[in-house]
Structure formats: C-alpha cells, structure tokens
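Chemist: Sharing final-v1.cif here; it has mmCIF, N, CA and C atoms.
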```cif
data_structure
#
loop_
_atom_site.label_atom_id
_atom_site.label_comp_id
_atom_site.auth_asym_id
_atom_site.auth_seq_id
_atom_site.Cartn_x
_atom_site.Cartn_y
_atom_site.Cartn_z
N MET J 3 -49.86 3.55 -1.94
CA MET J 3 -48.71 3.09 -1.20
C MET J 3 -47.61 2.58 -2.13
N PHE J 4 -47.99 1.87 -3.20
CA PHE J 4 -46.99 1.32 -4.12
C PHE J 4 -46.07 2.41 -4.66
N ALA J 5 -46.65 3.49 -5.16
CA ALA J 5 -45.85 4.56 -5.75
C ALA J 5 -44.93 5.20 -4.71
N GLU J 6 -45.43 5.38 -3.50
CA GLU J 6 -44.61 5.97 -2.44
C GLU J 6 -43.41 5.09 -2.11
N VAL J 7 -43.65 3.79 -1.99
CA VAL J 7 -42.57 2.86 -1.66
C VAL J 7 -41.59 2.76 -2.81
N LYS J 8 -42.09 2.62 -4.03
CA LYS J 8 -41.21 2.49 -5.18
C LYS J 8 -40.32 3.72 -5.34
N ALA J 9 -40.84 4.89 -5.03
CA ALA J 9 -40.06 6.13 -5.16
C ALA J 9 -38.85 6.16 -4.24
N THR J 10 -38.86 5.34 -3.19
CA THR J 10 -37.72 5.32 -2.26
C THR J 10 -36.60 4.40 -2.74
N LEU J 11 -36.86 3.63 -3.77
CA LEU J 11 -35.87 2.67 -4.26
C LEU J 11 -34.95 3.29 -5.31
N PRO J 12 -33.70 2.85 -5.34
CA PRO J 12 -32.75 3.38 -6.32
C PRO J 12 -32.85 2.65 -7.66
N ILE J 13 -34.08 2.45 -8.14
CA ILE J 13 -34.30 1.77 -9.41
C ILE J 13 -35.32 2.56 -10.22
N SER J 14 -35.34 2.29 -11.52
CA SER J 14 -36.36 2.90 -12.37
C SER J 14 -36.93 1.80 -13.25
N GLY J 15 -37.97 2.12 -13.97
CA GLY J 15 -38.60 1.12 -14.81
C GLY J 15 -39.54 0.24 -14.01
N ASP J 16 -40.03 -0.80 -14.65
CA ASP J 16 -41.01 -1.65 -13.99
C ASP J 16 -40.55 -3.10 -13.83
N ASP J 17 -39.27 -3.36 -14.03
CA ASP J 17 -38.76 -4.72 -13.92
C ASP J 17 -38.96 -5.33 -12.53
N TYR J 18 -38.94 -4.51 -11.51
CA TYR J 18 -39.04 -5.01 -10.13
C TYR J 18 -40.42 -4.81 -9.52
N ASP J 19 -41.39 -4.38 -10.30
CA ASP J 19 -42.71 -4.07 -9.73
C ASP J 19 -43.33 -5.24 -8.98
N GLN J 20 -43.29 -6.44 -9.55
CA GLN J 20 -43.89 -7.59 -8.87
C GLN J 20 -43.15 -7.88 -7.57
N GLU J 21 -41.85 -7.80 -7.58
CA GLU J 21 -41.06 -8.03 -6.36
C GLU J 21 -41.37 -6.97 -5.31
N ILE J 22 -41.55 -5.73 -5.74
CA ILE J 22 -41.91 -4.66 -4.80
C ILE J 22 -43.26 -4.96 -4.15
N ILE J 23 -44.22 -5.39 -4.93
CA ILE J 23 -45.54 -5.73 -4.38
C ILE J 23 -45.41 -6.87 -3.37
N ILE J 24 -44.66 -7.90 -3.71
CA ILE J 24 -44.47 -9.03 -2.80
C ILE J 24 -43.83 -8.55 -1.50
N GLN J 25 -42.83 -7.70 -1.60
CA GLN J 25 -42.14 -7.24 -0.40
C GLN J 25 -42.99 -6.29 0.45
N ILE J 26 -43.83 -5.49 -0.18
CA ILE J 26 -44.76 -4.64 0.58
C ILE J 26 -45.69 -5.53 1.41
N LYS J 27 -46.22 -6.56 0.79
CA LYS J 27 -47.11 -7.47 1.51
C LYS J 27 -46.36 -8.24 2.59
N ALA J 28 -45.12 -8.63 2.32
CA ALA J 28 -44.32 -9.33 3.32
C ALA J 28 -44.04 -8.44 4.53
N ALA J 29 -43.76 -7.17 4.26
CA ALA J 29 -43.52 -6.23 5.36
C ALA J 29 -44.76 -6.08 6.22
N ALA J 30 -45.91 -5.97 5.57
CA ALA J 30 -47.16 -5.85 6.32
C ALA J 30 -47.39 -7.09 7.18
N LEU J 31 -47.11 -8.26 6.64
CA LEU J 31 -47.24 -9.49 7.42
C LEU J 31 -46.27 -9.51 8.58
N ASP J 32 -45.03 -9.09 8.33
CA ASP J 32 -44.05 -9.06 9.41
C ASP J 32 -44.50 -8.14 10.54
N LEU J 33 -45.02 -6.99 10.18
CA LEU J 33 -45.47 -6.04 11.20
C LEU J 33 -46.66 -6.58 11.99
N THR J 34 -47.59 -7.21 11.32
CA THR J 34 -48.83 -7.60 12.00
C THR J 34 -48.76 -8.97 12.67
N ARG J 35 -48.08 -9.91 12.09
CA ARG J 35 -48.05 -11.26 12.64
C ARG J 35 -47.09 -11.43 13.80
N THR J 36 -46.00 -10.72 13.78
CA THR J 36 -44.98 -10.94 14.82
C THR J 36 -45.00 -9.90 15.92
N SER J 37 -45.75 -8.86 15.77
CA SER J 37 -45.63 -7.74 16.71
C SER J 37 -46.94 -7.26 17.29
N GLU J 38 -48.05 -7.88 16.95
CA GLU J 38 -49.36 -7.43 17.43
C GLU J 38 -49.66 -6.00 17.02
N ILE J 39 -49.09 -5.57 15.91
CA ILE J 39 -49.35 -4.23 15.38
C ILE J 39 -50.58 -4.31 14.48
N ILE J 40 -51.46 -3.36 14.64
CA ILE J 40 -52.65 -3.28 13.80
C ILE J 40 -52.43 -2.14 12.82
N LEU J 41 -52.39 -2.47 11.53
CA LEU J 41 -52.17 -1.43 10.52
C LEU J 41 -53.40 -0.54 10.42
N PRO J 42 -53.18 0.76 10.30
CA PRO J 42 -54.30 1.69 10.16
C PRO J 42 -54.80 1.75 8.72
N GLY J 43 -55.37 0.66 8.26
CA GLY J 43 -55.86 0.59 6.89
C GLY J 43 -55.57 -0.77 6.29
N VAL J 44 -55.78 -0.88 5.00
CA VAL J 44 -55.63 -2.14 4.28
C VAL J 44 -54.59 -1.96 3.18
N ILE J 45 -53.80 -3.00 2.96
CA ILE J 45 -52.85 -3.00 1.84
C ILE J 45 -53.42 -3.92 0.78
N SER J 46 -53.73 -3.36 -0.38
CA SER J 46 -54.31 -4.13 -1.48
C SER J 46 -53.69 -3.63 -2.79
N ILE J 47 -52.71 -4.39 -3.28
CA ILE J 47 -52.01 -4.01 -4.51
C ILE J 47 -51.96 -5.24 -5.42
N THR J 48 -52.33 -5.05 -6.68
CA THR J 48 -52.26 -6.13 -7.65
C THR J 48 -51.57 -5.64 -8.92
N ARG J 49 -51.03 -6.58 -9.66
CA ARG J 49 -50.39 -6.29 -10.95
C ARG J 49 -50.98 -7.24 -11.96
N THR J 50 -51.58 -6.69 -13.00
CA THR J 50 -52.21 -7.53 -14.03
C THR J 50 -51.70 -7.13 -15.40
N GLN J 51 -51.77 -8.07 -16.32
CA GLN J 51 -51.32 -7.83 -17.69
C GLN J 51 -52.51 -7.97 -18.63
N ASP J 52 -52.70 -6.98 -19.50
CA ASP J 52 -53.80 -7.06 -20.46
C ASP J 52 -53.38 -7.90 -21.67
N GLN J 53 -54.29 -8.11 -22.60
CA GLN J 53 -54.03 -8.95 -23.77
C GLN J 53 -52.92 -8.41 -24.65
N GLY J 54 -52.70 -7.11 -24.59
CA GLY J 54 -51.64 -6.49 -25.38
C GLY J 54 -50.27 -6.58 -24.72
N GLY J 55 -50.22 -7.14 -23.50
CA GLY J 55 -48.94 -7.30 -22.81
C GLY J 55 -48.58 -6.16 -21.89
N THR J 56 -49.48 -5.19 -21.75
CA THR J 56 -49.21 -4.04 -20.87
C THR J 56 -49.56 -4.38 -19.43
N TRP J 57 -48.62 -4.11 -18.53
CA TRP J 57 -48.84 -4.36 -17.11
C TRP J 57 -49.47 -3.14 -16.46
N THR J 58 -50.40 -3.40 -15.53
CA THR J 58 -51.06 -2.33 -14.79
C THR J 58 -51.00 -2.64 -13.31
N ILE J 59 -50.63 -1.65 -12.53
CA ILE J 59 -50.62 -1.77 -11.07
C ILE J 59 -51.92 -1.14 -10.56
N THR J 60 -52.66 -1.88 -9.75
CA THR J 60 -53.85 -1.35 -9.12
C THR J 60 -53.59 -1.31 -7.62
N ASP J 61 -53.59 -0.12 -7.06
CA ASP J 61 -53.31 0.05 -5.64
C ASP J 61 -54.55 0.61 -4.96
N ASN J 62 -55.25 -0.25 -4.23
CA ASN J 62 -56.42 0.15 -3.47
C ASN J 62 -56.10 0.22 -1.97
N SER J 63 -54.85 0.39 -1.65
CA SER J 63 -54.44 0.46 -0.25
C SER J 63 -55.02 1.70 0.41
N THR J 64 -55.37 1.54 1.68
CA THR J 64 -55.91 2.67 2.43
C THR J 64 -54.97 3.13 3.54
N VAL J 65 -53.79 2.55 3.61
CA VAL J 65 -52.80 2.96 4.62
C VAL J 65 -52.19 4.28 4.17
N THR J 66 -52.32 5.30 5.01
CA THR J 66 -51.73 6.61 4.70
C THR J 66 -50.79 7.09 5.80
N ASP J 67 -50.68 6.32 6.86
CA ASP J 67 -49.84 6.69 7.99
C ASP J 67 -48.37 6.68 7.57
N GLU J 68 -47.70 7.80 7.75
CA GLU J 68 -46.32 7.95 7.27
C GLU J 68 -45.33 7.02 7.97
N LEU J 69 -45.52 6.75 9.27
CA LEU J 69 -44.60 5.85 9.96
C LEU J 69 -44.73 4.43 9.41
N VAL J 70 -45.94 3.99 9.17
CA VAL J 70 -46.16 2.66 8.61
C VAL J 70 -45.59 2.58 7.20
N ILE J 71 -45.85 3.57 6.39
CA ILE J 71 -45.33 3.57 5.01
C ILE J 71 -43.81 3.60 5.02
N THR J 72 -43.22 4.39 5.90
CA THR J 72 -41.76 4.46 5.99
C THR J 72 -41.17 3.13 6.45
N ALA J 73 -41.81 2.48 7.41
CA ALA J 73 -41.33 1.17 7.86
C ALA J 73 -41.40 0.16 6.72
N ILE J 74 -42.49 0.15 6.00
CA ILE J 74 -42.65 -0.78 4.87
C ILE J 74 -41.64 -0.46 3.76
N ALA J 75 -41.45 0.82 3.48
CA ALA J 75 -40.47 1.22 2.45
C ALA J 75 -39.06 0.79 2.86
N THR J 76 -38.75 0.90 4.14
CA THR J 76 -37.43 0.49 4.62
C THR J 76 -37.25 -1.01 4.44
N TRP J 77 -38.28 -1.79 4.77
CA TRP J 77 -38.24 -3.25 4.56
C TRP J 77 -37.97 -3.55 3.08
N VAL J 78 -38.71 -2.89 2.19
CA VAL J 78 -38.57 -3.15 0.76
C VAL J 78 -37.16 -2.77 0.30
N ASN J 79 -36.63 -1.66 0.78
CA ASN J 79 -35.27 -1.26 0.42
C ASN J 79 -34.24 -2.29 0.89
N MET J 80 -34.50 -2.95 2.01
CA MET J 80 -33.60 -4.00 2.51
C MET J 80 -33.64 -5.23 1.61
N ARG J 81 -34.79 -5.50 1.01
CA ARG J 81 -35.04 -6.78 0.34
C ARG J 81 -34.83 -6.76 -1.17
N ILE J 82 -34.77 -5.57 -1.77
CA ILE J 82 -34.60 -5.48 -3.23
C ILE J 82 -33.12 -5.27 -3.53
N GLY J 83 -32.56 -6.17 -4.30
CA GLY J 83 -31.15 -6.05 -4.64
C GLY J 83 -30.27 -6.45 -3.46
N ASN J 84 -29.09 -5.92 -3.43
CA ASN J 84 -28.13 -6.20 -2.37
C ASN J 84 -27.60 -4.86 -1.84
N PRO J 85 -28.41 -4.17 -1.02
CA PRO J 85 -28.01 -2.82 -0.59
C PRO J 85 -26.75 -2.84 0.28
N PRO J 86 -25.82 -1.94 0.01
CA PRO J 86 -24.60 -1.90 0.81
C PRO J 86 -24.85 -1.46 2.26
N ASN J 87 -26.00 -0.84 2.50
CA ASN J 87 -26.33 -0.37 3.85
C ASN J 87 -27.41 -1.24 4.50
N TYR J 88 -27.39 -2.55 4.18
CA TYR J 88 -28.40 -3.47 4.70
C TYR J 88 -28.53 -3.38 6.22
N ASP J 89 -27.41 -3.42 6.93
CA ASP J 89 -27.45 -3.40 8.40
C ASP J 89 -28.08 -2.12 8.93
N GLN J 90 -27.78 -1.01 8.29
CA GLN J 90 -28.37 0.27 8.68
C GLN J 90 -29.89 0.26 8.43
N LEU J 91 -30.31 -0.27 7.29
CA LEU J 91 -31.74 -0.37 6.97
C LEU J 91 -32.44 -1.31 7.95
N LEU J 92 -31.80 -2.43 8.29
CA LEU J 92 -32.39 -3.37 9.23
C LEU J 92 -32.58 -2.71 10.60
N GLY J 93 -31.57 -1.99 11.06
CA GLY J 93 -31.68 -1.28 12.33
C GLY J 93 -32.80 -0.25 12.32
N ALA J 94 -32.91 0.48 11.23
CA ALA J 94 -33.98 1.48 11.12
C ALA J 94 -35.35 0.81 11.12
N TYR J 95 -35.47 -0.29 10.37
CA TYR J 95 -36.75 -1.01 10.32
C TYR J 95 -37.13 -1.53 11.71
N GLN J 96 -36.18 -2.15 12.38
CA GLN J 96 -36.47 -2.69 13.71
C GLN J 96 -36.84 -1.58 14.70
N SER J 97 -36.21 -0.43 14.57
CA SER J 97 -36.55 0.71 15.43
C SER J 97 -37.97 1.19 15.17
N MET J 98 -38.33 1.32 13.90
CA MET J 98 -39.70 1.75 13.57
C MET J 98 -40.73 0.72 14.01
N LYS J 99 -40.40 -0.54 13.83
CA LYS J 99 -41.29 -1.62 14.25
C LYS J 99 -41.49 -1.56 15.77
N GLY J 100 -40.42 -1.31 16.50
CA GLY J 100 -40.52 -1.18 17.95
C GLY J 100 -41.38 0.01 18.35
N SER J 101 -41.23 1.11 17.65
CA SER J 101 -42.05 2.30 17.93
C SER J 101 -43.52 2.02 17.68
N LEU J 102 -43.81 1.34 16.58
CA LEU J 102 -45.19 0.99 16.27
C LEU J 102 -45.76 0.05 17.34
N ARG J 103 -44.96 -0.92 17.76
CA ARG J 103 -45.40 -1.89 18.75
C ARG J 103 -45.73 -1.23 20.08
N LEU J 104 -44.96 -0.23 20.45
CA LEU J 104 -45.14 0.42 21.75
C LEU J 104 -46.22 1.50 21.76
N SER J 105 -46.62 1.98 20.61
CA SER J 105 -47.61 3.04 20.53
C SER J 105 -49.02 2.48 20.60
N SER J 106 -49.82 3.05 21.47
CA SER J 106 -51.21 2.59 21.59
C SER J 106 -52.01 2.89 20.33
N SER J 107 -51.50 3.74 19.47
CA SER J 107 -52.20 4.04 18.21
C SER J 107 -52.16 2.87 17.24
N TYR J 108 -51.23 1.94 17.44
CA TYR J 108 -51.03 0.86 16.47
C TYR J 108 -51.22 -0.53 17.04
N ASN J 109 -51.65 -0.64 18.29
CA ASN J 109 -51.79 -1.98 18.83
C ASN J 109 -52.97 -2.09 19.78
N THR J 110 -53.33 -3.32 20.03
CA THR J 110 -54.36 -3.63 21.01
C THR J 110 -53.75 -4.64 21.96
N PRO J 111 -53.75 -4.37 23.24
CA PRO J 111 -53.18 -5.34 24.18
C PRO J 111 -53.84 -6.70 23.99
N ALA J 112 -53.06 -7.76 24.05
CA ALA J 112 -53.56 -9.11 23.81
C ALA J 112 -54.63 -9.51 24.82
N ASP J 113 -54.60 -8.92 26.02
CA ASP J 113 -55.58 -9.31 27.03
C ASP J 113 -56.85 -8.46 26.99
N GLU J 114 -56.91 -7.51 26.06
CA GLU J 114 -58.09 -6.67 25.96
C GLU J 114 -59.24 -7.48 25.35
N GLU J 115 -60.43 -7.32 25.86
CA GLU J 115 -61.57 -8.09 25.38
C GLU J 115 -61.78 -7.83 23.89
N GLY J 116 -61.94 -8.93 23.16
CA GLY J 116 -62.18 -8.81 21.73
C GLY J 116 -60.91 -8.78 20.90
N ALA J 117 -59.76 -8.75 21.56
CA ALA J 117 -58.50 -8.72 20.81
C ALA J 117 -58.21 -10.08 20.21
N ASP J 118 -57.63 -10.09 19.04
CA ASP J 118 -57.25 -11.31 18.38
C ASP J 118 -55.94 -11.77 18.96
N THR J 119 -55.92 -12.94 19.57
CA THR J 119 -54.70 -13.43 20.21
C THR J 119 -54.05 -14.55 19.45
N GLU J 120 -54.49 -14.87 18.26
CA GLU J 120 -53.89 -15.95 17.47
C GLU J 120 -52.60 -15.51 16.84
#
```
Starting from the coordinates I provided, produce the structure as structure tokens.
Modeler:
Amino acid sequence: MFAEVKATLPISGDDYDQEIIIQIKAAALDLTRTSEIILPGVISITRTQDQGGTWTITDNSTVTDELVITAIATWVNMRIGNPPNYDQLLGAYQSMKGSLRLSSSYNTPADEEGADTE
C-alpha cells in the first residue's frame, strides 16, 4: 500500500516517507472510526533505520481494494504539502468515503448482532 500511495504524490525521494506513513494510518482511522467502515484487510507499515543510517520501509498491509487505496491516497495527497487543489481532493475523498459507507461490502450495520458499536 505504501508504494501505491506514494506513487500518487508529486514528490520524489524519501524525505516525506514518515509523514506518508502517518497520513496513511490517519486516513484509515478516519475511515473506520467516523464512518463504521470496515477495511478489507490490515494496514501495517513501519519505517526503521539500521545502524548504518539506512531507512527501510516494511509494508505488511493486506488491503488491496482499489477504492480503499484510492480514498487513502486522496487523503494523503490532501495532507502532504499545500496542494492547490485541496478543495477538489477533499470533495473526492468525502465522496469515496460516502460510497464506502453506503456499500454493504465495507460496513456492518450497527444493530447487527456482534457488530462493534463503540
């Protein structure tokens, strides 16, 4: 997931890698905590530095759903830098979030037995 999201950004190099990871996780939290959306998989990305100073990204994420990845990538594009099309990105993100919320593929009704209602 990290590589897919990073590829959508108008940046190169690894200066923003930690911020990208933070924003990917923030997007996942926004989708799941505020909308009762259940992600089809797990997001697990870490960045570590070895003794020689080399940074390594480890992405064990299992989310492969393109709509979810696109929504998360849109969130990250909104949050990195100062994009001139912020309002357009926000509208697109909110639209995708709404689609995810309304699709039975991504949610469990709160009144369904066994559903987490916290």
Chemist: Once the PyMOL selection byres ((chain J and resi 64-69) around 6) is applied to the coordinates I shared, what remains selected? I want it as a VMD selection string.
Modeler: chain J and resid 42 to 46 62 to 63 70 to 74
Chemist: Show which residues sit within 6.5 Å of Ile59 in chain J, as a ChimeraX atom specification. Count only N, CA and C atoms, and ignore same-chain residues fewer than 2 positions away.
Modeler: /J:48-50,57,61
Chemist: Which of these, J:Pro86, J:Thr58, J:Gln51, J:Phe4, has the shortest distance to Ile26 in chain J once you count all atoms listed in the file?
Modeler: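 Smallest distance to Ile26 in chain J is found for J:Phe4.
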Chemist: So the first atom is atom C of Ala29 in chain J and the second is atom C of Ser14 in chain J; what is the distance between them in Å, to one decimal place?
Modeler: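 A separation of 22.4 Å between them.
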Chemist: Within 9 Å of Trp77 in chain J, counting only C-alpha atoms, which residues qualify if same-chain residues fewer than 6 places away don't, as an NGL selection string?
Modeler: :J and (25-26 or 28-29 or 91-92 or 95)
Chemist: Neighbouring residues of Ile39 in chain J were defined as those with any atom within 6 Å, considering only N, CA and C atoms; residues of the same chain fewer than 6 positions away were excluded. Please report them as a PyMOL selection string.
Modeler: chain J and resi 33+102-103+108-109
Chemist: Taking the chain letters and numbering used in this document, name the residues of range 9-112 of chain J that DSSP puts in strand (DSSP E or B), as a list in words.
Modeler: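 Going through range 9-112 of chain J, the strand (DSSP E or B) residues come out as Ile39, Ile47, Thr48, Arg49, Thr50, Gln51, Trp57, Thr58, Ile59, Thr60, Asp61 and Asn109 of chain J.
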Chemist: What separation in Å, quoted to one decimal, exists between CA of Thr60 in chain J and CA of Lys27 in chain J?
Modeler: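 That distance, rounded to one decimal, is 14.0 Å.
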Chemist: Would you work out the distance separating CA of Tyr18 in chain J from atom N of Thr34 in chain J, expressed in Å to one decimal?
Modeler: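 Between CA of Tyr18 in chain J and atom N of Thr34 in chain J the gap works out to 23.2 Å.
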Chemist: Using only C-alpha atoms, which protein or nucleic acid residues come within 10 Å of Ile13 in chain J? Drop anything in the same chain fewer than 5 positions from it, and give the result as a VMD selection string.
Modeler: chain J and resid 8 18 82 to 83
Chemist: Would you write out those residues with N, CA and C atoms, as an mmCIF file, in the frame of the given file?
Modeler:
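Result written to selection.cif:
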```cif
data_model
loop_
_atom_site.group_PDB
_atom_site.id
_atom_site.type_symbol
_atom_site.label_atom_id
_atom_site.label_comp_id
_atom_site.auth_asym_id
_atom_site.auth_seq_id
_atom_site.Cartn_x
_atom_site.Cartn_y
_atom_site.Cartn_z
ATOM 1 N N LYS J 8 -42.090 2.620 -4.030
ATOM 2 C CA LYS J 8 -41.210 2.490 -5.180
ATOM 3 C C LYS J 8 -40.320 3.720 -5.340
ATOM 4 N N TYR J 18 -38.940 -4.510 -11.510
ATOM 5 C CA TYR J 18 -39.040 -5.010 -10.130
ATOM 6 C C TYR J 18 -40.420 -4.810 -9.520
ATOM 7 N N ILE J 82 -34.770 -5.570 -1.770
ATOM 8 C CA ILE J 82 -34.600 -5.480 -3.230
ATOM 9 C C ILE J 82 -33.120 -5.270 -3.530
ATOM 10 N N GLY J 83 -32.560 -6.170 -4.300
ATOM 11 C CA GLY J 83 -31.150 -6.050 -4.640
ATOM 12 C C GLY J 83 -30.270 -6.450 -3.460
#
```
